[in-house]
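*Asks:* Enclosed is the structure file run_12.cif (mmCIF, N, CA and C atoms).
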data_my_file
loop_
_atom_site.label_atom_id
_atom_site.label_comp_id
_atom_site.auth_asym_id
_atom_site.auth_seq_id
_atom_site.Cartn_x
_atom_site.Cartn_y
_atom_site.Cartn_z
N MET A 1198 157.74 -23.22 151.02
CA MET A 1198 157.22 -21.96 150.54
C MET A 1198 155.77 -21.80 151.01
N ALA A 1199 155.45 -20.64 151.51
CA ALA A 1199 154.09 -20.36 151.99
C ALA A 1199 153.15 -20.17 150.82
N THR A 1200 151.90 -20.54 151.02
CA THR A 1200 150.86 -20.32 150.02
C THR A 1200 149.69 -19.59 150.66
N THR A 1201 148.95 -18.90 149.86
CA THR A 1201 147.74 -18.21 150.32
C THR A 1201 146.58 -18.66 149.44
N ARG A 1202 145.48 -19.00 150.05
CA ARG A 1202 144.27 -19.36 149.32
C ARG A 1202 143.20 -18.33 149.66
N THR A 1203 142.33 -18.06 148.69
CA THR A 1203 141.39 -16.96 148.84
C THR A 1203 139.96 -17.39 148.52
N ALA A 1204 139.04 -16.95 149.35
CA ALA A 1204 137.61 -17.06 149.09
C ALA A 1204 137.01 -15.68 149.32
N GLU A 1205 135.97 -15.37 148.59
CA GLU A 1205 135.30 -14.08 148.75
C GLU A 1205 133.81 -14.31 148.95
N THR A 1206 133.23 -13.49 149.82
CA THR A 1206 131.79 -13.56 150.07
C THR A 1206 131.14 -12.23 149.76
N HIS A 1207 130.02 -12.29 149.06
CA HIS A 1207 129.17 -11.13 148.81
C HIS A 1207 127.89 -11.37 149.59
N TRP A 1208 127.47 -10.39 150.40
CA TRP A 1208 126.28 -10.53 151.25
C TRP A 1208 125.35 -9.36 151.00
N GLU A 1209 124.05 -9.63 151.01
CA GLU A 1209 123.03 -8.59 150.89
C GLU A 1209 121.98 -8.80 151.96
N GLY A 1210 121.64 -7.73 152.68
CA GLY A 1210 120.58 -7.78 153.68
C GLY A 1210 121.08 -8.06 155.07
N ASN A 1211 120.10 -8.25 155.98
CA ASN A 1211 120.46 -8.53 157.37
C ASN A 1211 120.76 -10.01 157.57
N LEU A 1212 121.13 -10.37 158.77
CA LEU A 1212 121.54 -11.75 159.04
C LEU A 1212 120.42 -12.76 158.77
N LEU A 1213 119.26 -12.54 159.34
CA LEU A 1213 118.21 -13.55 159.28
C LEU A 1213 117.52 -13.66 157.92
N GLU A 1214 117.39 -12.55 157.21
CA GLU A 1214 116.67 -12.58 155.94
C GLU A 1214 117.59 -12.39 154.73
N GLY A 1215 118.83 -12.05 154.99
CA GLY A 1215 119.76 -11.79 153.91
C GLY A 1215 120.27 -13.07 153.26
N LYS A 1216 121.09 -12.86 152.25
CA LYS A 1216 121.68 -14.00 151.57
C LYS A 1216 122.97 -13.55 150.92
N GLY A 1217 123.78 -14.54 150.57
CA GLY A 1217 125.04 -14.20 149.94
C GLY A 1217 125.57 -15.35 149.12
N THR A 1218 126.76 -15.10 148.61
CA THR A 1218 127.48 -16.14 147.87
C THR A 1218 128.93 -16.14 148.36
N VAL A 1219 129.50 -17.33 148.37
CA VAL A 1219 130.92 -17.47 148.68
C VAL A 1219 131.57 -18.07 147.44
N ALA A 1220 132.65 -17.44 146.99
CA ALA A 1220 133.35 -17.88 145.79
C ALA A 1220 134.72 -18.40 146.17
N LEU A 1221 135.05 -19.58 145.67
CA LEU A 1221 136.38 -20.15 145.87
C LEU A 1221 137.29 -19.54 144.81
N GLU A 1222 137.93 -18.45 145.17
CA GLU A 1222 138.68 -17.64 144.21
C GLU A 1222 139.99 -18.27 143.77
N SER A 1223 140.70 -18.90 144.68
CA SER A 1223 142.00 -19.47 144.31
C SER A 1223 141.86 -20.57 143.27
N SER A 1224 140.95 -21.49 143.52
CA SER A 1224 140.78 -22.64 142.64
C SER A 1224 139.82 -22.37 141.50
N LYS A 1225 138.98 -21.36 141.66
CA LYS A 1225 137.93 -21.05 140.67
C LYS A 1225 136.95 -22.22 140.50
N LEU A 1226 136.79 -23.03 141.57
CA LEU A 1226 135.92 -24.20 141.48
C LEU A 1226 134.44 -23.88 141.56
N GLY A 1227 134.10 -22.71 142.04
CA GLY A 1227 132.68 -22.40 142.05
C GLY A 1227 132.31 -21.32 143.03
N THR A 1228 131.06 -20.91 142.89
CA THR A 1228 130.43 -19.95 143.78
C THR A 1228 129.21 -20.63 144.38
N TYR A 1229 129.05 -20.48 145.69
CA TYR A 1229 128.00 -21.21 146.41
C TYR A 1229 127.16 -20.25 147.23
N ASP A 1230 125.85 -20.50 147.27
CA ASP A 1230 124.94 -19.69 148.05
C ASP A 1230 125.13 -19.97 149.54
N VAL A 1231 124.99 -18.92 150.35
CA VAL A 1231 125.03 -19.03 151.81
C VAL A 1231 123.89 -18.19 152.38
N ASN A 1232 123.32 -18.65 153.51
CA ASN A 1232 122.32 -17.86 154.21
C ASN A 1232 122.16 -18.39 155.63
N TRP A 1233 121.42 -17.64 156.44
CA TRP A 1233 121.22 -18.02 157.83
C TRP A 1233 120.45 -19.34 157.98
N PRO A 1234 119.35 -19.56 157.26
CA PRO A 1234 118.66 -20.84 157.44
C PRO A 1234 119.55 -22.05 157.18
N ALA A 1235 120.51 -21.95 156.27
CA ALA A 1235 121.42 -23.08 156.01
C ALA A 1235 122.30 -23.35 157.22
N ARG A 1236 122.54 -22.35 158.04
CA ARG A 1236 123.35 -22.52 159.25
C ARG A 1236 122.50 -23.05 160.40
N ALA A 1237 121.32 -22.48 160.58
CA ALA A 1237 120.55 -22.71 161.80
C ALA A 1237 119.37 -23.67 161.63
N GLU A 1238 119.04 -23.99 160.37
CA GLU A 1238 117.89 -24.86 160.13
C GLU A 1238 118.31 -25.98 159.19
N GLN A 1239 117.73 -26.04 158.00
CA GLN A 1239 118.07 -27.07 157.02
C GLN A 1239 118.86 -26.45 155.87
N PRO A 1240 119.81 -27.19 155.29
CA PRO A 1240 120.63 -26.63 154.21
C PRO A 1240 119.83 -26.28 152.94
N ASN A 1241 118.91 -27.14 152.55
CA ASN A 1241 118.09 -26.88 151.35
C ASN A 1241 118.92 -26.41 150.16
N GLY A 1242 120.02 -27.08 149.92
CA GLY A 1242 120.84 -26.78 148.75
C GLY A 1242 121.75 -25.58 148.90
N VAL A 1243 121.88 -25.06 150.11
CA VAL A 1243 122.71 -23.89 150.38
C VAL A 1243 123.76 -24.28 151.40
N THR A 1244 124.99 -23.81 151.23
CA THR A 1244 126.05 -24.19 152.16
C THR A 1244 126.12 -23.22 153.35
N SER A 1245 127.04 -23.48 154.24
CA SER A 1245 127.23 -22.65 155.43
C SER A 1245 128.71 -22.62 155.78
N PRO A 1246 129.11 -21.64 156.59
CA PRO A 1246 130.50 -21.64 157.04
C PRO A 1246 130.90 -22.95 157.73
N GLU A 1247 129.97 -23.54 158.46
CA GLU A 1247 130.29 -24.78 159.17
C GLU A 1247 130.52 -25.93 158.21
N GLU A 1248 129.76 -25.99 157.12
CA GLU A 1248 129.98 -27.05 156.14
C GLU A 1248 131.35 -26.86 155.47
N LEU A 1249 131.71 -25.62 155.20
CA LEU A 1249 133.01 -25.35 154.60
C LEU A 1249 134.14 -25.69 155.57
N ILE A 1250 133.93 -25.43 156.86
CA ILE A 1250 134.92 -25.83 157.88
C ILE A 1250 135.02 -27.35 157.93
N ALA A 1251 133.89 -28.04 157.86
CA ALA A 1251 133.90 -29.51 157.87
C ALA A 1251 134.69 -30.05 156.68
N ALA A 1252 134.52 -29.45 155.51
CA ALA A 1252 135.27 -29.88 154.33
C ALA A 1252 136.76 -29.65 154.53
N ALA A 1253 137.11 -28.50 155.06
CA ALA A 1253 138.52 -28.19 155.29
C ALA A 1253 139.13 -29.15 156.32
N HIS A 1254 138.38 -29.41 157.40
CA HIS A 1254 138.92 -30.25 158.47
C HIS A 1254 139.07 -31.70 158.03
N SER A 1255 138.06 -32.24 157.36
CA SER A 1255 138.14 -33.65 156.95
C SER A 1255 139.25 -33.87 155.93
N SER A 1256 139.44 -32.93 155.01
CA SER A 1256 140.49 -33.11 154.00
C SER A 1256 141.87 -32.90 154.60
N CYS A 1257 142.03 -31.91 155.46
CA CYS A 1257 143.33 -31.67 156.09
C CYS A 1257 143.72 -32.84 156.99
N TYR A 1258 142.75 -33.33 157.78
CA TYR A 1258 143.02 -34.46 158.65
C TYR A 1258 143.48 -35.67 157.84
N SER A 1259 142.80 -35.95 156.75
CA SER A 1259 143.17 -37.10 155.91
C SER A 1259 144.60 -36.96 155.39
N MET A 1260 144.94 -35.76 154.96
CA MET A 1260 146.30 -35.52 154.46
C MET A 1260 147.34 -35.70 155.57
N ALA A 1261 147.07 -35.15 156.74
CA ALA A 1261 148.00 -35.26 157.87
C ALA A 1261 148.16 -36.72 158.31
N PHE A 1262 147.06 -37.45 158.37
CA PHE A 1262 147.09 -38.86 158.78
C PHE A 1262 147.89 -39.69 157.77
N SER A 1263 147.60 -39.49 156.49
CA SER A 1263 148.31 -40.22 155.45
C SER A 1263 149.82 -39.92 155.50
N HIS A 1264 150.15 -38.66 155.68
CA HIS A 1264 151.56 -38.26 155.74
C HIS A 1264 152.26 -38.88 156.95
N GLY A 1265 151.60 -38.84 158.09
CA GLY A 1265 152.19 -39.43 159.29
C GLY A 1265 152.43 -40.93 159.16
N LEU A 1266 151.48 -41.63 158.57
CA LEU A 1266 151.63 -43.07 158.38
C LEU A 1266 152.73 -43.38 157.37
N ALA A 1267 152.81 -42.61 156.30
CA ALA A 1267 153.87 -42.81 155.30
C ALA A 1267 155.24 -42.59 155.94
N GLY A 1268 155.34 -41.63 156.84
CA GLY A 1268 156.59 -41.36 157.54
C GLY A 1268 157.04 -42.51 158.42
N LYS A 1269 156.08 -43.36 158.80
CA LYS A 1269 156.39 -44.54 159.62
C LYS A 1269 156.53 -45.79 158.75
N GLY A 1270 156.49 -45.61 157.42
CA GLY A 1270 156.72 -46.71 156.50
C GLY A 1270 155.48 -47.47 156.07
N TYR A 1271 154.29 -46.95 156.38
CA TYR A 1271 153.05 -47.64 156.01
C TYR A 1271 152.47 -47.07 154.73
N THR A 1272 151.80 -47.94 153.97
CA THR A 1272 151.11 -47.51 152.76
C THR A 1272 149.62 -47.48 153.04
N VAL A 1273 149.03 -46.33 152.87
CA VAL A 1273 147.60 -46.18 153.08
C VAL A 1273 146.86 -46.61 151.82
N GLU A 1274 146.01 -47.61 151.96
CA GLU A 1274 145.16 -48.02 150.84
C GLU A 1274 143.98 -47.07 150.71
N ALA A 1275 143.38 -46.68 151.84
CA ALA A 1275 142.23 -45.78 151.81
C ALA A 1275 142.00 -45.16 153.18
N LEU A 1276 141.63 -43.90 153.16
CA LEU A 1276 141.18 -43.18 154.35
C LEU A 1276 139.86 -42.51 153.99
N ASP A 1277 138.85 -42.72 154.78
CA ASP A 1277 137.58 -42.03 154.60
C ASP A 1277 137.30 -41.26 155.88
N THR A 1278 137.34 -39.95 155.78
CA THR A 1278 137.20 -39.09 156.96
C THR A 1278 135.95 -38.23 156.83
N ARG A 1279 135.21 -38.16 157.91
CA ARG A 1279 134.01 -37.32 158.00
C ARG A 1279 134.22 -36.34 159.13
N ALA A 1280 133.80 -35.10 158.93
CA ALA A 1280 133.82 -34.10 160.00
C ALA A 1280 132.40 -33.56 160.15
N ASP A 1281 131.84 -33.69 161.33
CA ASP A 1281 130.53 -33.15 161.65
C ASP A 1281 130.74 -31.94 162.55
N VAL A 1282 130.44 -30.76 162.04
CA VAL A 1282 130.62 -29.51 162.78
C VAL A 1282 129.27 -29.08 163.33
N THR A 1283 129.19 -28.93 164.65
CA THR A 1283 127.94 -28.53 165.30
C THR A 1283 127.96 -27.03 165.57
N PHE A 1284 126.91 -26.36 165.09
CA PHE A 1284 126.74 -24.92 165.28
C PHE A 1284 125.52 -24.69 166.13
N GLN A 1285 125.68 -23.94 167.21
CA GLN A 1285 124.57 -23.59 168.08
C GLN A 1285 124.36 -22.08 168.01
N PRO A 1286 123.22 -21.62 167.44
CA PRO A 1286 122.99 -20.18 167.39
C PRO A 1286 123.13 -19.55 168.78
N GLY A 1287 123.82 -18.45 168.83
CA GLY A 1287 124.07 -17.76 170.09
C GLY A 1287 125.33 -18.21 170.79
N GLU A 1288 125.84 -19.39 170.44
CA GLU A 1288 127.07 -19.91 171.05
C GLU A 1288 128.20 -20.06 170.04
N GLY A 1289 127.86 -20.41 168.82
CA GLY A 1289 128.88 -20.64 167.80
C GLY A 1289 129.11 -22.12 167.57
N ILE A 1290 130.31 -22.44 167.13
CA ILE A 1290 130.68 -23.84 166.89
C ILE A 1290 130.97 -24.48 168.24
N THR A 1291 130.18 -25.47 168.59
CA THR A 1291 130.29 -26.10 169.91
C THR A 1291 130.99 -27.45 169.88
N GLY A 1292 131.21 -28.00 168.69
CA GLY A 1292 131.89 -29.28 168.62
C GLY A 1292 132.18 -29.70 167.20
N ILE A 1293 133.19 -30.54 167.08
CA ILE A 1293 133.53 -31.16 165.81
C ILE A 1293 133.80 -32.63 166.09
N ALA A 1294 133.11 -33.49 165.38
CA ALA A 1294 133.32 -34.93 165.51
C ALA A 1294 133.98 -35.43 164.24
N LEU A 1295 135.21 -35.89 164.38
CA LEU A 1295 135.93 -36.51 163.27
C LEU A 1295 135.73 -38.01 163.34
N THR A 1296 135.45 -38.62 162.21
CA THR A 1296 135.33 -40.06 162.12
C THR A 1296 136.18 -40.50 160.94
N VAL A 1297 137.07 -41.45 161.17
CA VAL A 1297 137.92 -41.94 160.09
C VAL A 1297 137.87 -43.45 160.06
N LYS A 1298 137.79 -43.99 158.85
CA LYS A 1298 137.90 -45.42 158.60
C LYS A 1298 139.05 -45.59 157.63
N ALA A 1299 139.94 -46.53 157.93
CA ALA A 1299 141.16 -46.65 157.12
C ALA A 1299 141.53 -48.09 156.86
N ARG A 1300 142.14 -48.28 155.70
CA ARG A 1300 142.77 -49.56 155.36
C ARG A 1300 144.26 -49.29 155.22
N VAL A 1301 145.01 -49.85 156.17
CA VAL A 1301 146.46 -49.68 156.19
C VAL A 1301 147.07 -51.05 156.50
N PRO A 1302 147.51 -51.78 155.50
CA PRO A 1302 148.05 -53.13 155.71
C PRO A 1302 149.25 -53.11 156.67
N GLY A 1303 149.27 -54.09 157.58
CA GLY A 1303 150.40 -54.29 158.47
C GLY A 1303 150.45 -53.39 159.68
N LEU A 1304 149.48 -52.52 159.87
CA LEU A 1304 149.47 -51.58 160.99
C LEU A 1304 148.67 -52.16 162.15
N SER A 1305 149.26 -52.16 163.34
CA SER A 1305 148.55 -52.68 164.52
C SER A 1305 147.49 -51.67 164.95
N GLU A 1306 146.51 -52.14 165.67
CA GLU A 1306 145.45 -51.28 166.19
C GLU A 1306 146.03 -50.19 167.09
N GLU A 1307 146.97 -50.56 167.95
CA GLU A 1307 147.58 -49.60 168.88
C GLU A 1307 148.32 -48.49 168.12
N ASP A 1308 149.12 -48.86 167.13
CA ASP A 1308 149.85 -47.87 166.34
C ASP A 1308 148.89 -47.04 165.49
N PHE A 1309 147.82 -47.66 165.02
CA PHE A 1309 146.81 -46.93 164.25
C PHE A 1309 146.16 -45.85 165.09
N GLN A 1310 145.74 -46.20 166.30
CA GLN A 1310 145.08 -45.22 167.17
C GLN A 1310 146.04 -44.09 167.55
N ALA A 1311 147.29 -44.42 167.81
CA ALA A 1311 148.28 -43.39 168.14
C ALA A 1311 148.49 -42.44 166.96
N ALA A 1312 148.60 -42.98 165.76
CA ALA A 1312 148.79 -42.16 164.56
C ALA A 1312 147.55 -41.31 164.29
N ALA A 1313 146.36 -41.85 164.53
CA ALA A 1313 145.12 -41.11 164.33
C ALA A 1313 145.06 -39.90 165.26
N GLN A 1314 145.42 -40.12 166.53
CA GLN A 1314 145.41 -39.02 167.50
C GLN A 1314 146.48 -37.98 167.17
N ASP A 1315 147.64 -38.44 166.70
CA ASP A 1315 148.71 -37.53 166.32
C ASP A 1315 148.27 -36.64 165.16
N ALA A 1316 147.60 -37.22 164.18
CA ALA A 1316 147.11 -36.43 163.05
C ALA A 1316 146.08 -35.40 163.51
N LYS A 1317 145.22 -35.79 164.45
CA LYS A 1317 144.22 -34.85 164.99
C LYS A 1317 144.90 -33.68 165.66
N ALA A 1318 145.94 -33.94 166.41
CA ALA A 1318 146.64 -32.88 167.14
C ALA A 1318 147.47 -31.99 166.23
N ASN A 1319 147.98 -32.54 165.14
CA ASN A 1319 148.94 -31.81 164.32
C ASN A 1319 148.46 -31.36 162.96
N CYS A 1320 147.27 -31.72 162.56
CA CYS A 1320 146.73 -31.22 161.30
C CYS A 1320 146.57 -29.70 161.42
N PRO A 1321 147.03 -28.93 160.43
CA PRO A 1321 146.95 -27.48 160.53
C PRO A 1321 145.54 -26.93 160.76
N VAL A 1322 144.52 -27.57 160.20
CA VAL A 1322 143.16 -27.09 160.44
C VAL A 1322 142.74 -27.39 161.88
N SER A 1323 143.10 -28.55 162.42
CA SER A 1323 142.82 -28.82 163.84
C SER A 1323 143.46 -27.75 164.71
N GLN A 1324 144.69 -27.40 164.40
CA GLN A 1324 145.38 -26.38 165.18
C GLN A 1324 144.70 -25.02 165.05
N ALA A 1325 144.23 -24.69 163.84
CA ALA A 1325 143.53 -23.42 163.63
C ALA A 1325 142.20 -23.39 164.39
N LEU A 1326 141.61 -24.56 164.60
CA LEU A 1326 140.32 -24.66 165.29
C LEU A 1326 140.47 -24.96 166.78
N ALA A 1327 141.62 -24.71 167.33
CA ALA A 1327 141.90 -25.04 168.74
C ALA A 1327 140.93 -24.37 169.71
N GLY A 1328 140.27 -23.31 169.29
CA GLY A 1328 139.30 -22.65 170.16
C GLY A 1328 138.02 -23.44 170.34
N VAL A 1329 137.80 -24.46 169.50
CA VAL A 1329 136.63 -25.33 169.66
C VAL A 1329 136.95 -26.30 170.79
N LYS A 1330 136.18 -26.23 171.87
CA LYS A 1330 136.51 -27.01 173.07
C LYS A 1330 136.29 -28.50 172.94
N ASN A 1331 135.42 -28.92 172.03
CA ASN A 1331 135.07 -30.33 171.96
C ASN A 1331 135.29 -30.88 170.55
N ILE A 1332 136.53 -31.32 170.28
CA ILE A 1332 136.83 -31.98 169.02
C ILE A 1332 137.12 -33.44 169.36
N THR A 1333 136.28 -34.32 168.83
CA THR A 1333 136.42 -35.75 169.12
C THR A 1333 136.89 -36.49 167.88
N LEU A 1334 137.39 -37.70 168.12
CA LEU A 1334 137.85 -38.55 167.02
C LEU A 1334 137.46 -39.99 167.29
N ALA A 1335 136.83 -40.60 166.31
CA ALA A 1335 136.56 -42.04 166.30
C ALA A 1335 137.29 -42.62 165.11
N ALA A 1336 138.24 -43.50 165.36
CA ALA A 1336 139.07 -44.05 164.29
C ALA A 1336 138.90 -45.57 164.24
N GLU A 1337 138.64 -46.07 163.03
CA GLU A 1337 138.42 -47.51 162.84
C GLU A 1337 139.38 -48.03 161.77
N LEU A 1338 140.17 -49.02 162.14
CA LEU A 1338 141.07 -49.69 161.21
C LEU A 1338 140.32 -50.84 160.58
N LEU A 1339 140.19 -50.82 159.28
CA LEU A 1339 139.43 -51.86 158.58
C LEU A 1339 140.33 -53.02 158.19
#
In C-alpha cells, how does this file's structure come out?
*Replies:*
Amino acid sequence: MATTRTAETHWEGNLLEGKGTVALESSKLGTYDVNWPARAEQPNGVTSPEELIAAAHSSCYSMAFSHGLAGKGYTVEALDTRADVTFQPGEGITGIALTVKARVPGLSEEDFQAAAQDAKANCPVSQALAGVKNITLAAELL
C-alpha cells in the first residue's frame, strides 16, 4: 500500500534575508526554522533542506541495507550511517557522502561491501537523488 508523508514550509521575505519554518506535518514531530545562512554559511541552530535530505538519506539507506542483509539470512547488530550533503550556492547539491559502520556477525568483507553497494543503488531516497552526480559510499564492517 502506498503512503504519503507531508511537510509544510512557511516563508517570509527574500532569499538572502528572509526566514521560514518547515513543519513535519505527517508525524507532528516538530516545526524547525530554515533560512539562507543555514544553507550557505553556519547552521547556528537552524536547519536547511540539505540537512533534511541528509536525514532522509541516512535513515533510508540504513533501512535498505538492513533489509537486504536480512534477506540473505544475516542479523544486523548495528548500523550507523552518516550522510554528508554538500551544497554549493549557484550550483546546488554537488555531492553526498554516505558512511556506514556495521556489526553483522558471520558476514564476509566481500559480501558486506556488495550488500552495502546494493543498498546504495536501491534505497528509494538514493534513487530519488539520482540527479546528484557524486554520491559516494564508505562502508566499514566492524
*Asks:* For a quick check of understanding, using only C-alpha atoms, which of A:Gln1239, A:Val1297, A:Thr1228, A:Glu1274 has the smallest distance to Ser1255 in chain A?
*Replies:*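 Distance minimum relative to Ser1255 in chain A lands on A:Val1297.
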*Asks:* Hey, which of A:Val1273, A:Leu1339, A:Leu1304, A:Ile1332 ends up closest to Ala1318 in chain A? Count only C-alpha atoms.
*Replies:*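 With only C-alpha atoms as the atom set, the closest residue is A:Ile1332.
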*Asks:* Between CA of Ala1261 in chain A and CA of Ala1316 in chain A, what is the distance in Å, rounded to a tenth?
*Replies:*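 Answer for the CA of Ala1261 in chain A to CA of Ala1316 in chain A separation: 5.4 Å.
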*Asks:* Smallest atom-to-atom distance to Thr1203 in chain A: which of A:Val1243, A:Lys1269, A:Gly1215, A:Ser1224, using only C-alpha atoms?
*Replies:*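 Among the listed residues, A:Ser1224 lies closest to Thr1203 in chain A.
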*Asks:* Around (140.7, -44.7, 161.3) in the file's frame, which residues reach within 12 Å when counting only C-alpha atoms? Return as a short mmCIF file (atom, residue, chain, number, x, y, z; two decimals) with N, CA and C atoms, in the coordinates of the input?
*Replies:*
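Generated file (out-v3.cif):
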data_model
loop_
_atom_site.label_atom_id
_atom_site.label_comp_id
_atom_site.auth_asym_id
_atom_site.auth_seq_id
_atom_site.Cartn_x
_atom_site.Cartn_y
_atom_site.Cartn_z
N TYR A 1258 142.75 -33.33 157.78
CA TYR A 1258 143.02 -34.46 158.65
C TYR A 1258 143.48 -35.67 157.84
N SER A 1259 142.80 -35.95 156.75
CA SER A 1259 143.17 -37.10 155.91
C SER A 1259 144.60 -36.96 155.39
N PHE A 1262 147.06 -37.45 158.37
CA PHE A 1262 147.09 -38.86 158.78
C PHE A 1262 147.89 -39.69 157.77
N SER A 1263 147.60 -39.49 156.49
CA SER A 1263 148.31 -40.22 155.45
C SER A 1263 149.82 -39.92 155.50
N LEU A 1266 151.48 -41.63 158.57
CA LEU A 1266 151.63 -43.07 158.38
C LEU A 1266 152.73 -43.38 157.37
N VAL A 1273 149.03 -46.33 152.87
CA VAL A 1273 147.60 -46.18 153.08
C VAL A 1273 146.86 -46.61 151.82
N GLU A 1274 146.01 -47.61 151.96
CA GLU A 1274 145.16 -48.02 150.84
C GLU A 1274 143.98 -47.07 150.71
N ALA A 1275 143.38 -46.68 151.84
CA ALA A 1275 142.23 -45.78 151.81
C ALA A 1275 142.00 -45.16 153.18
N LEU A 1276 141.63 -43.90 153.16
CA LEU A 1276 141.18 -43.18 154.35
C LEU A 1276 139.86 -42.51 153.99
N ASP A 1277 138.85 -42.72 154.78
CA ASP A 1277 137.58 -42.03 154.60
C ASP A 1277 137.30 -41.26 155.88
N THR A 1278 137.34 -39.95 155.78
CA THR A 1278 137.20 -39.09 156.96
C THR A 1278 135.95 -38.23 156.83
N ARG A 1279 135.21 -38.16 157.91
CA ARG A 1279 134.01 -37.32 158.00
C ARG A 1279 134.22 -36.34 159.13
N LEU A 1295 135.21 -35.89 164.38
CA LEU A 1295 135.93 -36.51 163.27
C LEU A 1295 135.73 -38.01 163.34
N THR A 1296 135.45 -38.62 162.21
CA THR A 1296 135.33 -40.06 162.12
C THR A 1296 136.18 -40.50 160.94
N VAL A 1297 137.07 -41.45 161.17
CA VAL A 1297 137.92 -41.94 160.09
C VAL A 1297 137.87 -43.45 160.06
N LYS A 1298 137.79 -43.99 158.85
CA LYS A 1298 137.90 -45.42 158.60
C LYS A 1298 139.05 -45.59 157.63
N ALA A 1299 139.94 -46.53 157.93
CA ALA A 1299 141.16 -46.65 157.12
C ALA A 1299 141.53 -48.09 156.86
N ARG A 1300 142.14 -48.28 155.70
CA ARG A 1300 142.77 -49.56 155.36
C ARG A 1300 144.26 -49.29 155.22
N VAL A 1301 145.01 -49.85 156.17
CA VAL A 1301 146.46 -49.68 156.19
C VAL A 1301 147.07 -51.05 156.50
N LEU A 1304 149.48 -52.52 159.87
CA LEU A 1304 149.47 -51.58 160.99
C LEU A 1304 148.67 -52.16 162.15
N SER A 1305 149.26 -52.16 163.34
CA SER A 1305 148.55 -52.68 164.52
C SER A 1305 147.49 -51.67 164.95
N GLU A 1306 146.51 -52.14 165.67
CA GLU A 1306 145.45 -51.28 166.19
C GLU A 1306 146.03 -50.19 167.09
N GLU A 1307 146.97 -50.56 167.95
CA GLU A 1307 147.58 -49.60 168.88
C GLU A 1307 148.32 -48.49 168.12
N ASP A 1308 149.12 -48.86 167.13
CA ASP A 1308 149.85 -47.87 166.34
C ASP A 1308 148.89 -47.04 165.49
N PHE A 1309 147.82 -47.66 165.02
CA PHE A 1309 146.81 -46.93 164.25
C PHE A 1309 146.16 -45.85 165.09
N GLN A 1310 145.74 -46.20 166.30
CA GLN A 1310 145.08 -45.22 167.17
C GLN A 1310 146.04 -44.09 167.55
N ALA A 1311 147.29 -44.42 167.81
CA ALA A 1311 148.28 -43.39 168.14
C ALA A 1311 148.49 -42.44 166.96
N ALA A 1312 148.60 -42.98 165.76
CA ALA A 1312 148.79 -42.16 164.56
C ALA A 1312 147.55 -41.31 164.29
N ALA A 1313 146.36 -41.85 164.53
CA ALA A 1313 145.12 -41.11 164.33
C ALA A 1313 145.06 -39.90 165.26
N GLN A 1314 145.42 -40.12 166.53
CA GLN A 1314 145.41 -39.02 167.50
C GLN A 1314 146.48 -37.98 167.17
N ASP A 1315 147.64 -38.44 166.70
CA ASP A 1315 148.71 -37.53 166.32
C ASP A 1315 148.27 -36.64 165.16
N ALA A 1316 147.60 -37.22 164.18
CA ALA A 1316 147.11 -36.43 163.05
C ALA A 1316 146.08 -35.40 163.51
N LYS A 1317 145.22 -35.79 164.45
CA LYS A 1317 144.22 -34.85 164.99
C LYS A 1317 144.90 -33.68 165.66
N LEU A 1334 137.39 -37.70 168.12
CA LEU A 1334 137.85 -38.55 167.02
C LEU A 1334 137.46 -39.99 167.29
N ALA A 1335 136.83 -40.60 166.31
CA ALA A 1335 136.56 -42.04 166.30
C ALA A 1335 137.29 -42.62 165.11
N ALA A 1336 138.24 -43.50 165.36
CA ALA A 1336 139.07 -44.05 164.29
C ALA A 1336 138.90 -45.57 164.24
N GLU A 1337 138.64 -46.07 163.03
CA GLU A 1337 138.42 -47.51 162.84
C GLU A 1337 139.38 -48.03 161.77
N LEU A 1338 140.17 -49.02 162.14
CA LEU A 1338 141.07 -49.69 161.21
C LEU A 1338 140.32 -50.84 160.58
N LEU A 1339 140.19 -50.82 159.28
CA LEU A 1339 139.43 -51.86 158.58
C LEU A 1339 140.33 -53.02 158.19
#
*Asks:* Name the residues in contact with Thr1291 in chain A at a cut-off of 6 Å, using all atoms listed in the file, excluding same-chain residues fewer than 4 positions from it; report them as a list of chain:residue names.
*Replies:*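 Near Thr1291 in chain A, the qualifying residues are A:Thr1283, A:Phe1284, A:Gln1285, A:Lys1330, A:Asn1331.
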*Asks:* Using Å and a single decimal, report how far atom C of His1254 in chain A sits from atom C of Gly1270 in chain A.
*Replies:*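 It comes out at 22.8 Å.
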*Asks:* For the atom pair atom N of Ala1220 in chain A and atom N of Met1198 in chain A, what is the interatomic distance in Å to one decimal place?
*Replies:*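 Those two atoms sit 26.1 Å apart.
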*Asks:* Pick the closest to Leu1212 in chain A from A:Ala1199, A:Leu1226, A:Pro1234, A:Asp1281: which is it, counting all atoms listed in the file?
*Replies:* A:Pro1234
*Asks:* Compare A:Arg1236, A:Val1282, A:Ala1253, A:Thr1272 by their minimum atom-to-atom distance to Pro1302 in chain A, counting all atoms listed in the file, and give me the closest one.
*Replies:*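 Once distances to Pro1302 in chain A are computed over all atoms listed in the file, the minimum belongs to A:Thr1272.
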*Asks:* Write down as a PyMOL selection string the residues belonging to range 1225-1284 of chain A that are assigned alpha helix (DSSP H) by DSSP computed on the backbone.
*Replies:* chain A and resi 1233-1237+1246-1268
*Asks:* Excluding Arg1202 in chain A and any residue of its chain fewer than 3 positions from it, enumerate the residues within 9 Å of it, using only C-alpha atoms, and give them as a PyMOL selection string.
*Replies:* chain A and resi 1221-1224
*Asks:* Is it possible to get the axis-aligned box enclosing range 1266-1270 of chain A (all listed atoms, 6 Å extra per side) as AutoDock Vina command-line options, with centre and edge lengths in Å rounded to one decimal?
*Replies:*
--center_x 154.3 --center_y -44.4 --center_z 157.5 --size_x 17.6 --size_y 18.1 --size_z 16.3
